[in-house]
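my_file00.pdb follows (PDB, C-alpha atoms):
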ATOM      1  CA  GLY A 269     101.237 165.344 112.175  1.00  0.00           C
ATOM      2  CA  GLU A 270      99.646 163.927 115.264  1.00  0.00           C
ATOM      3  CA  SER A 271      98.630 160.320 115.270  1.00  0.00           C
ATOM      4  CA  VAL A 272      95.185 159.391 116.405  1.00  0.00           C
ATOM      5  CA  GLY A 273      95.102 156.593 118.923  1.00  0.00           C
ATOM      6  CA  LEU A 274      92.880 153.612 118.443  1.00  0.00           C
ATOM      7  CA  HIS A 275      90.241 152.987 121.054  1.00  0.00           C
ATOM      8  CA  LEU A 276      89.108 149.510 121.898  1.00  0.00           C
ATOM      9  CA  PRO A 277      85.426 148.715 121.723  1.00  0.00           C
ATOM     10  CA  THR A 278      84.096 148.637 125.261  1.00  0.00           C
ATOM     11  CA  LEU A 279      81.351 146.733 126.953  1.00  0.00           C
ATOM     12  CA  SER A 280      80.102 147.787 130.355  1.00  0.00           C
ATOM     13  CA  VAL A 281      77.905 145.402 132.352  1.00  0.00           C
ATOM     14  CA  GLN A 282      76.519 145.168 135.841  1.00  0.00           C
ATOM     15  CA  GLU A 283      77.907 142.529 138.147  1.00  0.00           C
ATOM     16  CA  GLY A 284      75.776 139.413 137.900  1.00  0.00           C
ATOM     17  CA  ASP A 285      74.556 140.123 134.381  1.00  0.00           C
ATOM     18  CA  ASN A 286      75.554 138.034 131.373  1.00  0.00           C
ATOM     19  CA  SER A 287      78.107 139.437 128.930  1.00  0.00           C
ATOM     20  CA  ILE A 288      78.345 138.788 125.224  1.00  0.00           C
ATOM     21  CA  ILE A 289      81.491 139.724 123.365  1.00  0.00           C
ATOM     22  CA  ASN A 290      81.504 139.485 119.590  1.00  0.00           C
ATOM     23  CA  CYS A 291      84.203 138.978 117.024  1.00  0.00           C
ATOM     24  CA  ALA A 292      84.336 138.778 113.253  1.00  0.00           C
ATOM     25  CA  TYR A 293      87.097 136.652 111.774  1.00  0.00           C
ATOM     26  CA  SER A 294      88.598 136.784 108.340  1.00  0.00           C
ATOM     27  CA  ASN A 295      89.939 133.459 107.152  1.00  0.00           C
ATOM     28  CA  SER A 296      87.585 130.714 105.984  1.00  0.00           C
ATOM     29  CA  ALA A 297      90.461 128.234 106.235  1.00  0.00           C
ATOM     30  CA  SER A 298      90.931 128.680 109.981  1.00  0.00           C
ATOM     31  CA  ASP A 299      90.503 125.466 111.963  1.00  0.00           C
ATOM     32  CA  TYR A 300      90.406 126.750 115.504  1.00  0.00           C
ATOM     33  CA  PHE A 301      89.027 129.786 117.184  1.00  0.00           C
ATOM     34  CA  ILE A 302      90.182 130.844 120.578  1.00  0.00           C
ATOM     35  CA  TRP A 303      89.300 133.418 123.193  1.00  0.00           C
ATOM     36  CA  TYR A 304      91.974 135.011 125.343  1.00  0.00           C
ATOM     37  CA  LYS A 305      91.608 137.302 128.326  1.00  0.00           C
ATOM     38  CA  GLN A 306      94.208 139.980 129.009  1.00  0.00           C
ATOM     39  CA  GLU A 307      94.262 141.870 132.272  1.00  0.00           C
ATOM     40  CA  SER A 308      96.031 145.192 132.484  1.00  0.00           C
ATOM     41  CA  GLY A 309      99.806 144.804 132.411  1.00  0.00           C
ATOM     42  CA  LYS A 310      99.658 141.041 131.959  1.00  0.00           C
ATOM     43  CA  GLY A 311      99.952 138.494 129.185  1.00  0.00           C
ATOM     44  CA  PRO A 312      96.952 136.916 127.472  1.00  0.00           C
ATOM     45  CA  GLN A 313      95.359 133.974 129.225  1.00  0.00           C
ATOM     46  CA  PHE A 314      93.598 131.181 127.342  1.00  0.00           C
ATOM     47  CA  ILE A 315      89.875 130.933 128.099  1.00  0.00           C
ATOM     48  CA  ILE A 316      88.272 128.528 125.649  1.00  0.00           C
ATOM     49  CA  ASP A 317      88.588 127.314 122.086  1.00  0.00           C
ATOM     50  CA  ILE A 318      86.346 125.762 119.476  1.00  0.00           C
ATOM     51  CA  ARG A 319      87.020 123.752 116.365  1.00  0.00           C
ATOM     52  CA  SER A 320      85.604 124.817 113.052  1.00  0.00           C
ATOM     53  CA  ASN A 321      83.383 121.703 112.884  1.00  0.00           C
ATOM     54  CA  MET A 322      81.507 122.762 116.006  1.00  0.00           C
ATOM     55  CA  ASP A 323      79.084 125.609 116.579  1.00  0.00           C
ATOM     56  CA  LYS A 324      79.002 125.731 120.357  1.00  0.00           C
ATOM     57  CA  ARG A 325      81.233 124.829 123.244  1.00  0.00           C
ATOM     58  CA  GLN A 326      80.744 125.393 126.930  1.00  0.00           C
ATOM     59  CA  GLY A 327      83.200 125.859 129.731  1.00  0.00           C
ATOM     60  CA  GLN A 328      82.891 127.022 133.273  1.00  0.00           C
ATOM     61  CA  ARG A 329      80.665 130.138 133.088  1.00  0.00           C
ATOM     62  CA  VAL A 330      81.728 130.697 129.471  1.00  0.00           C
ATOM     63  CA  THR A 331      80.222 129.614 126.170  1.00  0.00           C
ATOM     64  CA  VAL A 332      81.685 130.156 122.726  1.00  0.00           C
ATOM     65  CA  LEU A 333      79.464 130.226 119.671  1.00  0.00           C
ATOM     66  CA  LEU A 334      80.725 129.932 116.116  1.00  0.00           C
ATOM     67  CA  ASN A 335      78.778 130.919 113.007  1.00  0.00           C
ATOM     68  CA  LYS A 336      80.852 130.024 109.993  1.00  0.00           C
ATOM     69  CA  THR A 337      78.251 131.282 107.549  1.00  0.00           C
ATOM     70  CA  VAL A 338      78.871 134.867 108.582  1.00  0.00           C
ATOM     71  CA  LYS A 339      82.346 134.315 110.059  1.00  0.00           C
ATOM     72  CA  HIS A 340      81.246 135.334 113.508  1.00  0.00           C
ATOM     73  CA  LEU A 341      82.431 134.227 116.917  1.00  0.00           C
ATOM     74  CA  SER A 342      81.028 135.170 120.283  1.00  0.00           C
ATOM     75  CA  LEU A 343      81.952 134.661 123.915  1.00  0.00           C
ATOM     76  CA  GLN A 344      79.238 134.565 126.506  1.00  0.00           C
ATOM     77  CA  ILE A 345      80.127 135.005 130.167  1.00  0.00           C
ATOM     78  CA  ALA A 346      77.443 134.062 132.664  1.00  0.00           C
ATOM     79  CA  ALA A 347      77.005 135.942 135.926  1.00  0.00           C
ATOM     80  CA  THR A 348      79.804 138.388 135.161  1.00  0.00           C
ATOM     81  CA  GLN A 349      82.051 139.218 138.101  1.00  0.00           C
ATOM     82  CA  PRO A 350      84.412 142.157 138.749  1.00  0.00           C
ATOM     83  CA  GLY A 351      87.320 139.770 138.183  1.00  0.00           C
ATOM     84  CA  ASP A 352      86.142 139.338 134.611  1.00  0.00           C
ATOM     85  CA  SER A 353      87.098 142.939 133.827  1.00  0.00           C
ATOM     86  CA  ALA A 354      89.782 142.725 131.149  1.00  0.00           C
ATOM     87  CA  VAL A 355      90.346 142.982 127.416  1.00  0.00           C
ATOM     88  CA  TYR A 356      89.084 139.954 125.516  1.00  0.00           C
ATOM     89  CA  PHE A 357      90.648 138.907 122.230  1.00  0.00           C
ATOM     90  CA  CYS A 358      89.435 136.395 119.738  1.00  0.00           C
ATOM     91  CA  ALA A 359      92.072 134.591 117.706  1.00  0.00           C
ATOM     92  CA  GLU A 360      92.043 132.167 114.818  1.00  0.00           C
ATOM     93  CA  SER A 361      94.531 129.569 113.709  1.00  0.00           C
ATOM     94  CA  GLN A 362      95.087 126.949 111.108  1.00  0.00           C
ATOM     95  CA  GLY A 363      96.026 123.710 112.836  1.00  0.00           C
ATOM     96  CA  HIS A 364      98.996 122.964 110.654  1.00  0.00           C
ATOM     97  CA  GLN A 365     100.506 126.329 111.545  1.00  0.00           C
ATOM     98  CA  GLY A 366     100.781 125.528 115.229  1.00  0.00           C
ATOM     99  CA  GLY A 367     100.637 128.514 117.520  1.00  0.00           C
ATOM    100  CA  LYS A 368     100.649 131.118 114.778  1.00  0.00           C
ATOM    101  CA  LEU A 369      97.522 132.976 115.810  1.00  0.00           C
ATOM    102  CA  ILE A 370      95.739 135.869 114.162  1.00  0.00           C
ATOM    103  CA  PHE A 371      94.311 138.068 116.891  1.00  0.00           C
ATOM    104  CA  GLY A 372      91.348 140.375 116.617  1.00  0.00           C
ATOM    105  CA  GLN A 373      91.351 143.945 117.925  1.00  0.00           C
ATOM    106  CA  GLY A 374      89.939 143.140 121.348  1.00  0.00           C
ATOM    107  CA  THR A 375      86.997 144.278 123.450  1.00  0.00           C
ATOM    108  CA  GLU A 376      87.362 145.865 126.855  1.00  0.00           C
ATOM    109  CA  LEU A 377      84.901 144.478 129.377  1.00  0.00           C
ATOM    110  CA  SER A 378      84.161 146.632 132.397  1.00  0.00           C
ATOM    111  CA  VAL A 379      82.096 145.150 135.209  1.00  0.00           C
ATOM    112  CA  LYS A 380      80.324 147.552 137.545  1.00  0.00           C
ATOM    113  CA  PRO A 381      79.801 146.331 141.096  1.00  0.00           C
TER     114      PRO A 381
ATOM    115  CA  ASN B 693     105.501 124.833 137.999  1.00  0.00           C
ATOM    116  CA  ALA B 694     106.761 128.193 136.856  1.00  0.00           C
ATOM    117  CA  GLY B 695     105.049 129.758 133.894  1.00  0.00           C
ATOM    118  CA  VAL B 696     106.653 131.446 130.930  1.00  0.00           C
ATOM    119  CA  MET B 697     109.295 133.827 132.251  1.00  0.00           C
ATOM    120  CA  GLN B 698     110.224 136.967 130.368  1.00  0.00           C
ATOM    121  CA  ASN B 699     112.829 139.542 131.201  1.00  0.00           C
ATOM    122  CA  PRO B 700     113.294 142.341 131.429  1.00  0.00           C
ATOM    123  CA  ARG B 701     109.721 143.374 132.163  1.00  0.00           C
ATOM    124  CA  HIS B 702     110.528 146.947 131.177  1.00  0.00           C
ATOM    125  CA  LEU B 703     113.319 148.174 128.962  1.00  0.00           C
ATOM    126  CA  VAL B 704     114.177 151.709 127.921  1.00  0.00           C
ATOM    127  CA  ARG B 705     116.493 152.301 124.994  1.00  0.00           C
ATOM    128  CA  ARG B 706     117.589 155.319 122.992  1.00  0.00           C
ATOM    129  CA  ARG B 707     117.272 155.320 119.243  1.00  0.00           C
ATOM    130  CA  GLY B 708     120.085 153.348 117.646  1.00  0.00           C
ATOM    131  CA  GLN B 709     120.725 151.090 120.635  1.00  0.00           C
ATOM    132  CA  GLU B 710     120.098 147.361 120.797  1.00  0.00           C
ATOM    133  CA  ALA B 711     117.343 145.631 122.746  1.00  0.00           C
ATOM    134  CA  ARG B 712     117.532 142.024 123.868  1.00  0.00           C
ATOM    135  CA  LEU B 713     114.450 140.345 125.259  1.00  0.00           C
ATOM    136  CA  ARG B 714     114.632 136.932 126.883  1.00  0.00           C
ATOM    137  CA  CYS B 715     112.070 134.211 127.295  1.00  0.00           C
ATOM    138  CA  SER B 716     112.217 130.957 129.202  1.00  0.00           C
ATOM    139  CA  PRO B 717     109.325 128.664 128.233  1.00  0.00           C
ATOM    140  CA  MET B 718     107.342 126.605 130.675  1.00  0.00           C
ATOM    141  CA  LYS B 719     109.089 123.482 131.848  1.00  0.00           C
ATOM    142  CA  GLY B 720     108.651 120.732 129.300  1.00  0.00           C
ATOM    143  CA  HIS B 721     107.724 123.129 126.498  1.00  0.00           C
ATOM    144  CA  SER B 722     109.907 123.065 123.430  1.00  0.00           C
ATOM    145  CA  HIS B 723     108.016 125.486 121.193  1.00  0.00           C
ATOM    146  CA  VAL B 724     108.317 129.238 121.575  1.00  0.00           C
ATOM    147  CA  TYR B 725     106.428 132.048 119.877  1.00  0.00           C
ATOM    148  CA  TRP B 726     107.022 135.788 119.935  1.00  0.00           C
ATOM    149  CA  TYR B 727     104.220 138.308 119.503  1.00  0.00           C
ATOM    150  CA  ARG B 728     104.220 142.105 119.471  1.00  0.00           C
ATOM    151  CA  GLN B 729     101.442 144.278 120.823  1.00  0.00           C
ATOM    152  CA  LEU B 730     101.060 147.965 120.107  1.00  0.00           C
ATOM    153  CA  PRO B 731      98.918 150.049 122.505  1.00  0.00           C
ATOM    154  CA  GLU B 732      95.200 149.197 122.263  1.00  0.00           C
ATOM    155  CA  GLU B 733      95.812 146.651 119.537  1.00  0.00           C
ATOM    156  CA  GLY B 734      95.794 142.889 119.326  1.00  0.00           C
ATOM    157  CA  LEU B 735      98.908 140.803 119.315  1.00  0.00           C
ATOM    158  CA  LYS B 736     100.751 140.287 116.032  1.00  0.00           C
ATOM    159  CA  PHE B 737     102.669 137.092 115.382  1.00  0.00           C
ATOM    160  CA  MET B 738     106.377 137.526 114.803  1.00  0.00           C
ATOM    161  CA  VAL B 739     108.208 134.223 114.924  1.00  0.00           C
ATOM    162  CA  TYR B 740     107.867 130.565 115.915  1.00  0.00           C
ATOM    163  CA  LEU B 741     110.902 128.634 117.105  1.00  0.00           C
ATOM    164  CA  GLN B 742     111.841 125.219 118.349  1.00  0.00           C
ATOM    165  CA  LYS B 743     115.171 124.392 119.916  1.00  0.00           C
ATOM    166  CA  GLU B 744     117.866 125.537 117.483  1.00  0.00           C
ATOM    167  CA  ASN B 745     115.355 125.986 114.668  1.00  0.00           C
ATOM    168  CA  ILE B 746     113.301 128.831 113.294  1.00  0.00           C
ATOM    169  CA  ILE B 747     110.073 127.282 112.075  1.00  0.00           C
ATOM    170  CA  ASP B 748     108.166 130.345 110.873  1.00  0.00           C
ATOM    171  CA  GLU B 749     109.473 133.908 110.815  1.00  0.00           C
ATOM    172  CA  SER B 750     106.870 135.323 108.480  1.00  0.00           C
ATOM    173  CA  GLY B 751     105.910 138.035 110.975  1.00  0.00           C
ATOM    174  CA  MET B 752     109.421 139.334 111.582  1.00  0.00           C
ATOM    175  CA  PRO B 753     110.453 142.653 110.039  1.00  0.00           C
ATOM    176  CA  LYS B 754     113.054 142.014 107.360  1.00  0.00           C
ATOM    177  CA  GLU B 755     115.728 144.140 108.994  1.00  0.00           C
ATOM    178  CA  ARG B 756     117.038 144.720 112.510  1.00  0.00           C
ATOM    179  CA  PHE B 757     115.011 141.914 114.125  1.00  0.00           C
ATOM    180  CA  SER B 758     116.287 138.432 114.859  1.00  0.00           C
ATOM    181  CA  ALA B 759     115.317 135.580 117.150  1.00  0.00           C
ATOM    182  CA  GLU B 760     116.957 132.451 118.421  1.00  0.00           C
ATOM    183  CA  PHE B 761     116.193 129.562 120.718  1.00  0.00           C
ATOM    184  CA  PRO B 762     119.467 127.823 121.494  1.00  0.00           C
ATOM    185  CA  LYS B 763     119.873 124.292 122.738  1.00  0.00           C
ATOM    186  CA  GLU B 764     120.606 125.635 126.201  1.00  0.00           C
ATOM    187  CA  GLY B 765     119.184 128.803 127.680  1.00  0.00           C
ATOM    188  CA  PRO B 766     116.292 131.090 126.914  1.00  0.00           C
ATOM    189  CA  SER B 767     114.919 132.246 123.609  1.00  0.00           C
ATOM    190  CA  ILE B 768     116.124 135.727 122.675  1.00  0.00           C
ATOM    191  CA  LEU B 769     114.459 138.366 120.547  1.00  0.00           C
ATOM    192  CA  ARG B 770     117.020 140.895 119.422  1.00  0.00           C
ATOM    193  CA  ILE B 771     116.248 144.297 117.959  1.00  0.00           C
ATOM    194  CA  GLN B 772     119.191 146.221 116.567  1.00  0.00           C
ATOM    195  CA  GLN B 773     119.301 149.979 116.061  1.00  0.00           C
ATOM    196  CA  VAL B 774     115.934 150.514 117.681  1.00  0.00           C
ATOM    197  CA  VAL B 775     113.576 153.226 116.432  1.00  0.00           C
ATOM    198  CA  ARG B 776     110.595 154.831 118.167  1.00  0.00           C
ATOM    199  CA  GLY B 777     108.198 152.620 116.222  1.00  0.00           C
ATOM    200  CA  ASP B 778     109.669 149.582 117.981  1.00  0.00           C
ATOM    201  CA  SER B 779     108.114 150.737 121.246  1.00  0.00           C
ATOM    202  CA  ALA B 780     105.637 148.021 122.145  1.00  0.00           C
ATOM    203  CA  ALA B 781     104.983 145.104 124.442  1.00  0.00           C
ATOM    204  CA  TYR B 782     106.661 141.920 123.302  1.00  0.00           C
ATOM    205  CA  PHE B 783     105.086 138.687 124.473  1.00  0.00           C
ATOM    206  CA  CYS B 784     106.556 135.249 124.433  1.00  0.00           C
ATOM    207  CA  ALA B 785     104.392 132.141 124.510  1.00  0.00           C
ATOM    208  CA  SER B 786     105.180 128.460 124.667  1.00  0.00           C
ATOM    209  CA  SER B 787     103.502 125.148 124.005  1.00  0.00           C
ATOM    210  CA  PRO B 788     104.538 121.587 124.801  1.00  0.00           C
ATOM    211  CA  LEU B 789     104.290 120.278 121.261  1.00  0.00           C
ATOM    212  CA  THR B 790     103.070 121.750 118.047  1.00  0.00           C
ATOM    213  CA  THR B 791      99.716 122.957 119.214  1.00  0.00           C
ATOM    214  CA  ASN B 792      96.940 122.541 116.722  1.00  0.00           C
ATOM    215  CA  THR B 793      94.347 124.233 118.903  1.00  0.00           C
ATOM    216  CA  GLY B 794      95.949 127.596 119.494  1.00  0.00           C
ATOM    217  CA  GLU B 795      96.260 127.168 123.246  1.00  0.00           C
ATOM    218  CA  LEU B 796      99.430 128.995 124.123  1.00  0.00           C
ATOM    219  CA  PHE B 797     100.863 129.916 127.497  1.00  0.00           C
ATOM    220  CA  PHE B 798     101.957 133.540 127.509  1.00  0.00           C
ATOM    221  CA  GLY B 799     104.472 135.334 129.638  1.00  0.00           C
ATOM    222  CA  GLU B 800     103.846 138.720 131.251  1.00  0.00           C
ATOM    223  CA  GLY B 801     105.583 140.539 128.432  1.00  0.00           C
ATOM    224  CA  SER B 802     108.539 142.862 128.004  1.00  0.00           C
ATOM    225  CA  ARG B 803     107.639 146.487 127.480  1.00  0.00           C
ATOM    226  CA  LEU B 804     110.132 148.309 125.306  1.00  0.00           C
ATOM    227  CA  THR B 805     110.214 152.083 125.251  1.00  0.00           C
ATOM    228  CA  VAL B 806     112.443 153.803 122.718  1.00  0.00           C
ATOM    229  CA  LEU B 807     113.305 157.399 123.515  1.00  0.00           C
TER     230      LEU B 807
END
What would you get if you wrote out this structure as structure tokens?
Amino acid sequence: GESVGLHLPTLSVQEGDNSIINCAYSNSASDYFIWYKQESGKGPQFIIDIRSNMDKRQGQRVTVLLNKTVKHLSLQIAATQPGDSAVYFCAESQGHQGGKLIFGQGTELSVKP
Amino acid sequence: NAGVMQNPRHLVRRRGQEARLRCSPMKGHSHVYWYRQLPEEGLKFMVYLQKENIIDESGMPKERFSAEFPKEGPSILRIQQVVRGDSAAYFCASSPLTTNTGELFFGEGSRLTVL
């Protein structure tokens, strides 16, 4: 029979507004949590990471929040710009496993000018 | 400083043919990872290699798929006797040492279409 395609969760924001992208992770043993940005037709690009012993980390215009109690990760983008339009993936890793990452499904961010 | 280079960017194969995807890591990087991405899905880990060694191949299908990273030359992901379900984007990533933070540098991907 026909297969049903999966549709990414989408978030649409106005240029200049703040964006919050959420992610639930699965493994309590994960040491690091990372956000990647993937533009159409391109490879993922590292944005920011956070260790499991932290609950907040800030970068340039981005902040990552980690809530281990509920296994929740979020990415906040301040003053969202059209260039921020992309699919955003959270990923988790266990430090001893190097670059073996477990990626989430992804959220498509669309910024309206 | 060139990034991770993958080729071909697009590859079309008929069922039963072989696909070879190549990846040259960033200069100075000795660790290579291959990931597969189906449409509208996240990336799935396949294999982690260092020069001449396979470190972790827990994400590789048991049959038809193989990977190598020789002492000289690029890393190669080889898919024998391709089937339609192999159609996907295959991404290579590299890191300078064993990364314990998950920061990888990804290439632009090779998009395989099996007819």
When the ChimeraX specification (/B :<6) & /A is applied to the structure above, which residues does it catch, written out as JSON, numbers by chain? {"A": [300, 310, 311, 363, 366, 367, 371, 372, 373]}
Could you list the residues chosen by the PyMOL selection byres ((chain B and resi 766) around 8) in this structure as a count of residues only? 10
Edge lengths and centre in Å to one decimal, as lines of an AutoDock Vina configuration file, of the axis-aligned box that encloses all listed atoms of range 707-713 of chain B with 6 Å added on every side?
center_x = 117.6
center_y = 147.8
center_z = 121.5
size_x = 18.3
size_y = 27.0
size_z = 19.6
Given the file shown, determine the residues that the PyMOL selection byres ((chain B and resi 805) around 7) selects; report them as number ranges by chain. B: 703-705, 779-780, 803-804, 806-807
Residues within 10 Å of (83.5, 136.8, 120.0), counting only C-alpha atoms, listed as an NGL selection string: :A and (288-293 or 301-303 or 332-334 or 340-344 or 356-359 or 372 or 374-375)
CA of Asn321 in chain A to CA of Leu369 in chain A, distance in Å rounded to a single decimal: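 According to the coordinates, CA of Asn321 in chain A and CA of Leu369 in chain A are separated by 18.3 Å.
Using only C-alpha atoms, the shortest contact distance between Pro312 in chain A and any of B:Gln772, B:Gln742, B:Gln729, B:Ser758 is found at B:Gln729.
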Which residues are close to Arg329 in chain A, i.e. within 9 Å by all atoms listed in the file, leaving aside same-chain residues fewer than 2 positions away? Reply as JSON, numbers by chain. {"A": [326, 327, 331, 344, 345, 346, 347, 348]}
CA of Ser294 in chain A to CA of Met322 in chain A: how many Å, to one decimal?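 Computing it gives 17.5 Å between the two atoms.
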Using only C-alpha atoms, which of A:Val379, A:Ala354, A:Leu276, A:Ala297 sits nearest Gly309 in chain A? A:Ala354
